[in-house]
>>> print(open('work-v8.tsv').read())   # TSV, C-alpha atoms
chain	number	residue	atom	x	y	z
A	195	MET	CA	15.62	-7.43	101.76
A	196	GLN	CA	14.61	-8.86	98.40
A	197	THR	CA	17.33	-8.77	95.75
A	198	THR	CA	16.72	-8.62	92.04
A	199	ASP	CA	18.71	-10.50	89.42
A	200	HIS	CA	18.91	-7.74	86.82
A	201	SER	CA	20.51	-10.05	84.26
A	202	SER	CA	17.57	-12.45	84.51
A	203	THR	CA	15.16	-9.53	84.16
A	204	ARG	CA	16.90	-8.39	80.98
A	205	GLN	CA	16.85	-11.89	79.54
A	206	ALA	CA	13.18	-12.32	80.42
A	207	PHE	CA	12.37	-9.01	78.73
A	208	ALA	CA	14.26	-10.07	75.60
A	209	ALA	CA	12.31	-13.35	75.53
A	210	ALA	CA	9.01	-11.48	75.91
A	211	ARG	CA	9.97	-9.25	73.00
A	212	ARG	CA	10.73	-12.26	70.79
A	213	GLN	CA	7.29	-13.62	71.69
A	214	GLY	CA	5.66	-10.40	70.51
A	215	GLN	CA	4.85	-8.90	73.92
A	216	ALA	CA	5.17	-5.22	73.19
A	217	ARG	CA	4.16	-3.14	76.22
A	218	HIS	CA	6.73	-2.60	78.95
A	219	ARG	CA	3.99	-2.28	81.54
A	220	GLU	CA	2.53	-5.69	80.74
A	221	VAL	CA	5.92	-7.40	80.62
A	222	ALA	CA	6.78	-5.91	84.02
A	223	GLN	CA	3.52	-7.15	85.50
A	224	ARG	CA	4.20	-10.67	84.24
A	225	LEU	CA	7.62	-10.54	85.91
A	226	GLY	CA	6.19	-9.25	89.19
A	227	LEU	CA	7.95	-5.90	88.82
A	228	SER	CA	6.95	-2.30	88.52
A	229	GLU	CA	7.62	-0.72	85.14
A	230	ALA	CA	10.38	1.45	86.61
A	231	GLU	CA	12.12	-1.65	87.99
A	232	LEU	CA	11.98	-3.28	84.56
A	233	ILE	CA	13.53	-0.23	82.90
A	234	ALA	CA	16.09	0.27	85.69
A	235	ALA	CA	17.32	-3.31	85.28
A	236	HIS	CA	18.60	-2.16	81.89
A	237	ALA	CA	20.67	0.73	83.30
A	238	SER	CA	23.80	-1.36	82.94
A	239	ALA	CA	26.80	-1.48	80.65
A	240	HIS	CA	25.85	-5.10	79.93
A	241	ALA	CA	22.21	-4.42	79.03
A	242	GLN	CA	22.58	-4.62	75.26
A	243	GLU	CA	24.41	-7.95	75.51
A	244	GLU	CA	21.20	-9.52	76.84
A	245	SER	CA	18.30	-7.32	75.73
A	246	PRO	CA	17.22	-4.98	72.93
A	247	LEU	CA	16.73	-2.24	75.54
A	248	LYS	CA	19.23	0.08	77.20
A	249	ALA	CA	18.40	2.67	79.86
A	250	THR	CA	20.33	5.64	81.21
A	251	ARG	CA	19.33	6.87	84.67
A	252	LEU	CA	18.65	10.62	84.78
A	253	ARG	CA	19.31	12.95	87.68
A	254	ALA	CA	16.23	14.18	89.52
A	255	GLU	CA	16.35	17.62	87.93
A	256	TRP	CA	12.82	17.31	86.59
A	257	PRO	CA	11.91	20.96	85.86
A	258	GLN	CA	15.22	21.50	84.07
A	259	ILE	CA	14.70	18.37	81.97
A	260	VAL	CA	11.21	19.49	80.94
A	261	GLU	CA	12.56	22.97	80.15
A	262	ALA	CA	14.97	21.28	77.71
A	263	LEU	CA	12.27	19.29	75.89
A	264	PRO	CA	11.44	22.02	73.32
A	265	THR	CA	14.87	21.40	71.77
A	266	LEU	CA	13.73	17.92	70.70
A	267	GLY	CA	11.28	19.32	68.15
A	268	THR	CA	8.27	17.19	67.27
A	269	VAL	CA	7.76	14.28	69.66
A	270	MET	CA	4.94	12.19	71.10
A	271	ALA	CA	3.88	12.90	74.70
A	272	LEU	CA	2.17	10.06	76.57
A	273	THR	CA	0.34	10.21	79.89
A	274	ARG	CA	-1.75	7.39	81.30
A	275	ASN	CA	-3.50	6.01	84.33
A	276	GLU	CA	-4.78	2.51	84.99
A	277	SER	CA	-7.71	2.95	82.62
A	278	CYS	CA	-6.76	5.47	79.95
A	279	VAL	CA	-3.81	6.37	77.69
A	280	HIS	CA	-3.50	9.87	76.17
A	281	GLU	CA	-1.00	10.45	73.33
A	282	LYS	CA	-0.28	13.79	71.66
A	283	VAL	CA	2.19	14.61	68.89
A	284	GLY	CA	3.70	18.08	68.89
A	285	VAL	CA	6.38	20.35	70.29
A	286	TYR	CA	6.86	21.21	73.96
A	287	GLN	CA	6.32	24.98	74.13
A	288	GLU	CA	5.80	27.71	76.75
A	289	VAL	CA	7.35	25.70	79.58
A	290	SER	CA	7.12	27.33	83.00
A	291	GLY	CA	6.75	26.38	86.64
A	292	GLN	CA	7.06	27.30	90.27
A	293	GLN	CA	6.78	25.66	93.69
A	294	GLY	CA	6.83	22.12	92.35
A	295	VAL	CA	4.15	22.67	89.69
A	296	GLY	CA	5.01	22.92	85.99
A	297	LEU	CA	3.13	24.00	82.92
A	298	VAL	CA	3.58	23.22	79.23
A	299	HIS	CA	1.13	25.31	77.28
A	300	GLY	CA	1.54	24.51	73.59
A	301	ARG	CA	-1.43	24.04	71.29
A	302	GLU	CA	-0.61	20.37	70.73
A	303	ILE	CA	1.15	19.43	73.98
A	304	ASP	CA	-0.66	20.91	76.98
A	305	LEU	CA	0.42	19.66	80.42
A	306	ARG	CA	-0.01	20.34	84.13
A	307	ILE	CA	2.95	18.82	85.98
A	308	PHE	CA	3.25	17.93	89.68
A	309	TYR	CA	6.97	17.34	90.21
A	310	THR	CA	6.67	16.27	93.86
A	311	GLN	CA	5.32	12.96	92.55
A	312	TRP	CA	8.30	12.31	90.25
A	313	ALA	CA	10.90	9.86	91.60
A	314	PHE	CA	12.75	8.20	88.69
A	315	GLY	CA	13.65	9.16	85.14
A	316	PHE	CA	15.39	7.31	82.32
A	317	ALA	CA	16.50	7.81	78.75
A	318	VAL	CA	15.52	4.60	76.98
A	319	GLU	CA	16.78	3.20	73.69
A	320	GLU	CA	15.20	0.06	72.31
A	321	ARG	CA	15.82	-1.89	69.12
A	322	LEU	CA	12.37	-2.94	67.90
A	323	ASN	CA	11.63	-6.19	66.11
A	324	ASP	CA	11.62	-4.39	62.75
A	325	GLY	CA	15.14	-3.11	63.42
A	326	ALA	CA	14.13	0.49	64.11
A	327	MET	CA	15.58	2.26	67.14
A	328	GLN	CA	12.98	3.77	69.47
A	329	ARG	CA	14.23	6.52	71.79
A	330	SER	CA	12.28	7.95	74.70
A	331	LEU	CA	12.42	9.69	78.05
A	332	GLN	CA	10.37	7.98	80.76
A	333	PHE	CA	9.43	9.23	84.22
A	334	PHE	CA	7.99	7.29	87.17
A	335	ASP	CA	6.66	7.81	90.69
A	336	ALA	CA	8.04	6.29	93.90
A	337	GLN	CA	5.95	3.15	93.32
A	338	GLY	CA	7.55	2.67	89.90
A	339	VAL	CA	4.34	3.61	88.03
A	340	ALA	CA	4.71	5.61	84.82
A	341	ILE	CA	3.89	9.32	85.09
A	342	HIS	CA	4.89	10.59	81.65
A	343	LYS	CA	6.83	9.49	78.57
A	344	VAL	CA	8.30	11.38	75.63
A	345	PHE	CA	8.91	9.39	72.43
A	346	LEU	CA	11.02	10.67	69.59
A	347	LYS	CA	9.44	10.75	66.13
A	348	PRO	CA	11.20	10.38	62.75
A	349	HIS	CA	11.72	14.14	62.46
A	350	SER	CA	12.77	14.74	66.09
A	351	GLU	CA	16.12	16.37	66.77
A	352	LEU	CA	18.47	13.45	67.56
A	353	ALA	CA	21.44	15.67	68.36
A	354	ALA	CA	19.36	17.60	70.89
A	355	TYR	CA	18.19	14.33	72.45
A	356	ALA	CA	21.79	13.12	72.80
A	357	ALA	CA	22.79	16.44	74.34
A	358	LEU	CA	19.91	16.29	76.81
A	359	VAL	CA	20.79	12.76	77.89
A	360	GLN	CA	24.46	13.67	78.28
A	361	ARG	CA	23.57	16.76	80.31
A	362	PHE	CA	21.25	15.00	82.79
A	363	ALA	CA	22.64	11.45	82.94
A	364	GLN	CA	23.82	10.16	86.28
A	365	GLU	CA	27.58	9.86	86.33
A	366	THR	CA	27.72	6.15	87.21
A	367	LEU	CA	25.75	3.26	85.78
A	368	ALA	CA	23.75	1.46	88.47
A	369	ALA	CA	21.06	-1.01	87.52
A	370	GLY	CA	17.93	-1.19	89.61
A	371	VAL	CA	15.81	1.10	91.77
A	372	SER	CA	14.06	0.66	95.11
A	373	VAL	CA	10.35	1.35	94.86
A	374	GLN	CA	7.90	2.02	97.67
A	375	ALA	CA	4.59	0.37	98.39
A	376	ALA	CA	1.62	2.60	97.67
A	377	ALA	CA	0.09	4.25	100.72
A	378	PRO	CA	-3.39	2.94	101.52
A	379	ALA	CA	-6.19	5.07	100.12
A	380	LYS	CA	-7.67	7.48	102.61
A	381	PRO	CA	-11.24	6.39	103.39
A	382	GLU	CA	-14.07	8.82	102.75
A	383	ALA	CA	-15.63	10.55	105.70
A	384	PRO	CA	-19.22	9.41	106.32
A	385	ASP	CA	-21.72	11.45	104.34
A	386	ALA	CA	-23.45	12.32	107.62
A	387	ALA	CA	-20.26	14.07	108.81
A	388	ILE	CA	-20.16	16.43	105.80
A	389	ASP	CA	-21.55	19.96	105.89
A	390	VAL	CA	-23.73	19.37	102.85
A	391	GLN	CA	-25.42	22.77	102.95
A	392	GLY	CA	-22.06	24.50	103.21
A	393	LEU	CA	-20.72	22.38	100.35
A	394	ARG	CA	-23.67	23.27	98.15
A	395	ALA	CA	-23.41	26.97	98.96
A	396	ALA	CA	-19.68	26.99	98.21
A	397	TRP	CA	-20.27	25.14	94.94
A	398	ALA	CA	-22.88	27.72	93.89
A	399	SER	CA	-20.36	30.48	94.68
A	400	LEU	CA	-17.51	29.11	92.52
A	401	ARG	CA	-15.88	31.72	90.31
A	402	ASP	CA	-13.37	29.51	88.48
A	403	THR	CA	-13.20	25.77	87.76
A	404	HIS	CA	-9.81	25.56	89.49
A	405	GLU	CA	-11.46	26.58	92.78
A	406	PHE	CA	-13.14	23.16	92.85
A	407	PHE	CA	-9.98	21.51	94.23
A	408	GLY	CA	-10.01	23.89	97.19
A	409	LEU	CA	-13.69	23.17	97.74
A	410	LEU	CA	-12.95	19.45	98.06
A	411	ARG	CA	-10.23	20.13	100.63
A	412	GLN	CA	-12.35	22.63	102.53
A	413	PHE	CA	-15.18	20.17	103.10
A	414	GLY	CA	-13.05	17.03	103.37
A	415	VAL	CA	-14.78	15.18	100.55
A	416	SER	CA	-13.55	13.05	97.66
A	417	ARG	CA	-14.51	14.11	94.17
A	418	THR	CA	-17.13	11.39	93.78
A	419	GLN	CA	-18.53	12.12	97.25
A	420	ALA	CA	-18.90	15.79	96.32
A	421	LEU	CA	-20.83	14.77	93.21
A	422	ARG	CA	-23.14	12.55	95.24
A	423	LEU	CA	-23.86	15.32	97.76
A	424	ALA	CA	-24.06	18.27	95.36
A	425	ASP	CA	-27.21	20.16	94.51
A	426	PRO	CA	-28.87	18.16	91.70
A	427	SER	CA	-29.00	21.30	89.58
A	428	PHE	CA	-25.22	21.01	89.20
A	429	VAL	CA	-24.77	17.25	88.74
A	430	GLN	CA	-26.44	14.45	86.83
A	431	PRO	CA	-25.44	10.76	86.89
A	432	LEU	CA	-24.96	9.30	83.41
A	433	GLY	CA	-24.89	5.84	81.91
A	434	LEU	CA	-21.59	4.01	81.57
A	435	SER	CA	-21.66	4.51	77.79
A	436	ALA	CA	-21.43	8.29	78.22
A	437	ALA	CA	-17.84	8.58	76.99
A	438	GLN	CA	-18.54	6.67	73.80
A	439	GLU	CA	-21.67	8.72	73.15
A	440	VAL	CA	-19.94	12.05	73.71
A	441	LEU	CA	-16.87	11.23	71.61
A	442	SER	CA	-18.93	9.73	68.77
A	443	HIS	CA	-21.26	12.72	68.62
A	444	ALA	CA	-18.33	15.14	68.85
A	445	ALA	CA	-16.74	13.40	65.87
A	446	GLN	CA	-19.98	13.57	63.90
A	447	SER	CA	-20.70	17.21	64.72
A	448	GLY	CA	-17.15	18.56	64.58
A	449	VAL	CA	-17.51	20.23	67.98
A	450	SER	CA	-14.10	21.04	69.43
A	451	ILE	CA	-13.56	19.45	72.82
A	452	MET	CA	-10.98	19.13	75.59
A	453	VAL	CA	-9.95	15.69	76.89
A	454	PHE	CA	-8.12	15.61	80.25
A	455	VAL	CA	-6.31	12.43	81.33
A	456	GLY	CA	-3.96	12.29	84.27
A	457	ASN	CA	-2.34	10.63	87.23
A	458	PRO	CA	-0.92	12.11	90.47
A	459	GLY	CA	2.14	13.48	88.64
A	460	MET	CA	0.69	14.76	85.36
A	461	ILE	CA	-2.43	15.96	83.56
A	462	GLN	CA	-2.35	15.92	79.75
A	463	ILE	CA	-4.93	17.78	77.70
A	464	HIS	CA	-6.13	17.49	74.11
A	465	THR	CA	-7.92	20.51	72.69
A	466	GLY	CA	-9.60	20.35	69.31
A	467	PRO	CA	-11.99	18.19	67.31
A	468	VAL	CA	-11.90	14.41	67.22
A	469	GLN	CA	-12.45	12.48	64.02
A	470	LYS	CA	-12.05	8.71	64.14
A	471	VAL	CA	-13.71	7.03	67.14
A	472	SER	CA	-13.37	3.26	67.24
A	473	VAL	CA	-14.32	0.53	69.71
A	474	MET	CA	-12.06	-2.52	69.90
A	475	GLY	CA	-13.13	-4.97	72.58
A	476	PRO	CA	-13.12	-3.10	75.91
A	477	TRP	CA	-11.12	-0.21	74.43
A	478	LEU	CA	-12.75	3.03	73.31
A	479	ASN	CA	-10.27	4.72	70.98
A	480	VAL	CA	-9.70	8.02	69.25
A	481	LEU	CA	-7.30	7.38	66.37
A	482	ASP	CA	-6.54	10.77	64.86
A	483	PRO	CA	-3.38	12.24	63.36
A	484	GLY	CA	-1.61	13.81	66.32
A	485	PHE	CA	-4.01	12.52	68.99
A	486	ASN	CA	-4.69	9.00	70.19
A	487	LEU	CA	-6.85	8.06	73.17
A	488	HIS	CA	-7.30	4.52	74.50
A	489	LEU	CA	-9.90	4.19	77.25
A	490	ARG	CA	-11.03	0.99	78.99
A	491	GLU	CA	-14.81	1.33	78.99
A	492	ASP	CA	-15.12	-1.71	81.23
A	493	HIS	CA	-13.25	0.22	83.94
A	494	ILE	CA	-15.88	2.98	84.04
A	495	HIS	CA	-17.80	2.57	87.29
A	496	ALA	CA	-19.52	5.96	87.31
A	497	ALA	CA	-20.05	8.84	84.89
A	498	TRP	CA	-21.38	12.28	85.77
A	499	LEU	CA	-22.45	15.43	84.00
A	500	VAL	CA	-20.98	18.21	86.15
A	501	ARG	CA	-21.70	21.95	86.03
A	502	LYS	CA	-19.47	24.48	87.77
A	503	PRO	CA	-20.27	28.18	87.99
A	504	THR	CA	-17.57	30.61	86.82
A	505	VAL	CA	-17.38	34.33	86.09
A	506	ASP	CA	-17.90	33.31	82.45
A	507	GLY	CA	-21.06	31.28	83.12
A	508	LEU	CA	-21.56	27.57	83.71
A	509	VAL	CA	-18.80	25.21	82.59
A	510	THR	CA	-19.99	21.68	81.91
A	511	SER	CA	-17.95	18.48	81.93
A	512	VAL	CA	-18.47	14.74	81.58
A	513	GLU	CA	-16.36	13.02	84.25
A	514	LEU	CA	-15.51	9.31	84.36
A	515	PHE	CA	-14.46	7.34	87.46
A	516	ASP	CA	-13.29	3.82	88.23
A	517	ALA	CA	-14.56	1.60	91.04
A	518	GLN	CA	-12.09	3.14	93.51
A	519	GLY	CA	-13.29	6.67	92.74
A	520	ASN	CA	-10.19	7.57	90.73
A	521	THR	CA	-10.69	9.93	87.82
A	522	ILE	CA	-10.24	8.15	84.48
A	523	ALA	CA	-10.85	11.12	82.17
A	524	MET	CA	-12.78	14.38	81.93
A	525	LEU	CA	-14.35	15.85	78.79
A	526	PHE	CA	-15.11	19.55	78.29
A	527	GLY	CA	-16.01	21.79	75.41
A	528	GLU	CA	-13.08	23.85	74.12
A	529	ARG	CA	-12.83	27.16	75.95
A	530	LYS	CA	-10.33	29.53	77.50
A	531	PRO	CA	-10.66	31.69	80.62
A	532	GLY	CA	-12.69	34.76	79.76
A	533	GLN	CA	-14.84	32.85	77.26
A	534	ARG	CA	-18.32	31.47	77.74
A	535	GLU	CA	-18.88	27.78	77.16
A	536	HIS	CA	-19.32	27.06	73.45
A	537	CYS	CA	-22.92	26.60	72.32
A	538	GLY	CA	-21.96	23.58	70.21
A	539	TRP	CA	-20.74	21.70	73.29
A	540	ARG	CA	-23.84	22.63	75.29
A	541	GLU	CA	-26.08	21.55	72.41
A	542	LEU	CA	-24.22	18.25	72.01
A	543	LEU	CA	-24.80	17.47	75.68
A	544	GLY	CA	-28.41	18.57	75.37
A	545	THR	CA	-28.95	16.11	72.56
A	546	LEU	CA	-27.54	13.27	74.64
A	547	PHE	CA	-28.44	14.11	78.22
A	548	GLU	CA	-31.13	16.80	78.20
A	549	GLU	CA	-28.61	19.44	79.23
A	550	PRO	CA	-30.07	22.98	79.56
A	551	SER	CA	-29.93	24.98	76.35
A	552	CYS	CA	-27.12	27.39	75.54
A	553	SER	CA	-29.17	30.33	76.79
A	554	ALA	CA	-29.29	28.85	80.31
>>> encode(input="work-v8.tsv", output="structure tokens")
Amino acid sequence: MQTTDHSSTRQAFAAARRQGQARHREVAQRLGLSEAELIAAHASAHAQEESPLKATRLRAEWPQIVEALPTLGTVMALTRNESCVHEKVGVYQEVSGQQGVGLVHGREIDLRIFYTQWAFGFAVEERLNDGAMQRSLQFFDAQGVAIHKVFLKPHSELAAYAALVQRFAQETLAAGVSVQAAAPAKPEAPDAAIDVQGLRAAWASLRDTHEFFGLLRQFGVSRTQALRLADPSFVQPLGLSAAQEVLSHAAQSGVSIMVFVGNPGMIQIHTGPVQKVSVMGPWLNVLDPGFNLHLREDHIHAAWLVRKPTVDGLVTSVELFDAQGNTIAMLFGERKPGQREHCGWRELLGTLFEEPSCSA
């Protein structure tokens, strides 16, 4: 069994900070650790003697912790995957959940939570190079990969944060966690083994976008395989610049959109217009007050225009995938159940991709 020298990890992190290496994830990778292992090495009474970071391990009472987040006031919620980071500033509101699935349904912070994927949680305090104290709550899966983070802002409720940490902290300090290796990805079934006609008929009979997940399970297909095999009237492959084109045109037109970014434990959603779209090297960014998006365009392996029937008419999305078929992000026009898709979104897509007109 491999042992970890937590003191050496803390000292290496402190050295990386002095050298200007800012992101925990990148420092952990350089040290050959998962991000959770890096943070957990600081769950020690001696952490602040060797490092600017201190962590407090939280009990695995995830729904109760999320239910307490509204008391923090205005914070920044961060969800990411390998290719995209989604940051929203706001207040956690309308928190609910059942059977391992949670919901936060505020206007600014809008989340779908899958608690069965949550394995580790920490309260983290870090003294930054400028002397400011950054406080956050950070949650990870069994592989030590970040699921969700909550960062306090200048006007957050510090007393509520302290009370939350005290309420959910583990009783004893114990540095380190044991992470698991990721299970191998399940290979796709051969296309020839799929009931394509049944898949297409079921797709045409969809009544709600959420039924799509059941359709994938029913026919034993991955999301990208379903797109390949779907009736061409419902899908259209796009160029790899599709995300940049959609976001840039949305910013120019003022069309209100929805941006979904997630991982196995969390989906985070932005709803509203976007304003400042900027490309910096491989990163496609939205840099707006209250909403930041950072997307690695060089990770986009496939992009699709996808139409799903609902009781409210067709709902159209632009969906982005990496080389392994993982979803990077999905873009929709702003809508709520019971509403038809907004004409502005349909017209924007029509301008870019010859999407059928709003009357279709």
>>> closest_residue(input="work-v8.tsv", among="A:Gly370, A:Gly475, A:Pro246, A:Gly456", to="Met524 (chain A)", atoms="all atoms listed in the file")
A:Gly456
>>> atom_distance(input="work-v8.tsv", atom1="CA of Glu229 (chain A)", atom2="CA of Lys343 (chain A)")
12.2 Å
>>> closest_atom_pairs(input="work-v8.tsv", of="region 455-525 of chain A", to="region 415-429 of chain A", cutoff="7 Å", atoms="all atoms listed in the file", output="JSON lines")
{"residue": "A:Trp498", "atom": "CA", "partner": "A:Val429", "partner_atom": "CA", "distance": 6.7}
{"residue": "A:Leu499", "atom": "CA", "partner": "A:Val429", "partner_atom": "CA", "distance": 5.6}
{"residue": "A:Val500", "atom": "CA", "partner": "A:Val429", "partner_atom": "CA", "distance": 4.7}
{"residue": "A:Arg501", "atom": "CA", "partner": "A:Phe428", "partner_atom": "CA", "distance": 4.8}
{"residue": "A:Lys502", "atom": "CA", "partner": "A:Phe428", "partner_atom": "CA", "distance": 6.9}
{"residue": "A:Gly519", "atom": "CA", "partner": "A:Thr418", "partner_atom": "CA", "distance": 6.2}
>>> write_last_selection(input="work-v8.tsv", atoms="C-alpha atoms", output="PDB file, keeping the file's coordinate frame")
ATOM      1  CA  TRP A 498     -21.380  12.280  85.770  1.00  0.00           C
ATOM      2  CA  LEU A 499     -22.450  15.430  84.000  1.00  0.00           C
ATOM      3  CA  VAL A 500     -20.980  18.210  86.150  1.00  0.00           C
ATOM      4  CA  ARG A 501     -21.700  21.950  86.030  1.00  0.00           C
ATOM      5  CA  LYS A 502     -19.470  24.480  87.770  1.00  0.00           C
ATOM      6  CA  GLY A 519     -13.290   6.670  92.740  1.00  0.00           C
TER       7      GLY A 519
END
>>> atom_distance(input="work-v8.tsv", atom1="CA of Arg212 (chain A)", atom2="CA of Ile233 (chain A)")
17.3 Å
>>> residues_near_point(input="work-v8.tsv", point="(11.7, 9.2, 70.0)", cutoff="7 Å", atoms="all atoms listed in the file", output="list in words")
Val269, Gln328, Arg329, Ser330, Val344, Phe345, Leu346, Lys347 and Ser350 of chain A
>>> atom_distance(input="work-v8.tsv", atom1="CA of Ala437 (chain A)", atom2="CA of Gln518 (chain A)")
18.3 Å
>>> closest_residue(input="work-v8.tsv", among="A:Gln213, A:Arg534, A:Leu266, A:Ile451", to="Ala353 (chain A)", atoms="only C-alpha atoms")
A:Leu266
>>> closest_residue(input="work-v8.tsv", among="A:Gln223, A:Gln332, A:Ser435, A:Gln469", to="Phe485 (chain A)", atoms="only C-alpha atoms")
A:Gln469
>>> closest_residue(input="work-v8.tsv", among="A:Thr265, A:Arg274, A:Phe334, A:Trp312", to="Val289 (chain A)", atoms="only C-alpha atoms")
A:Thr265
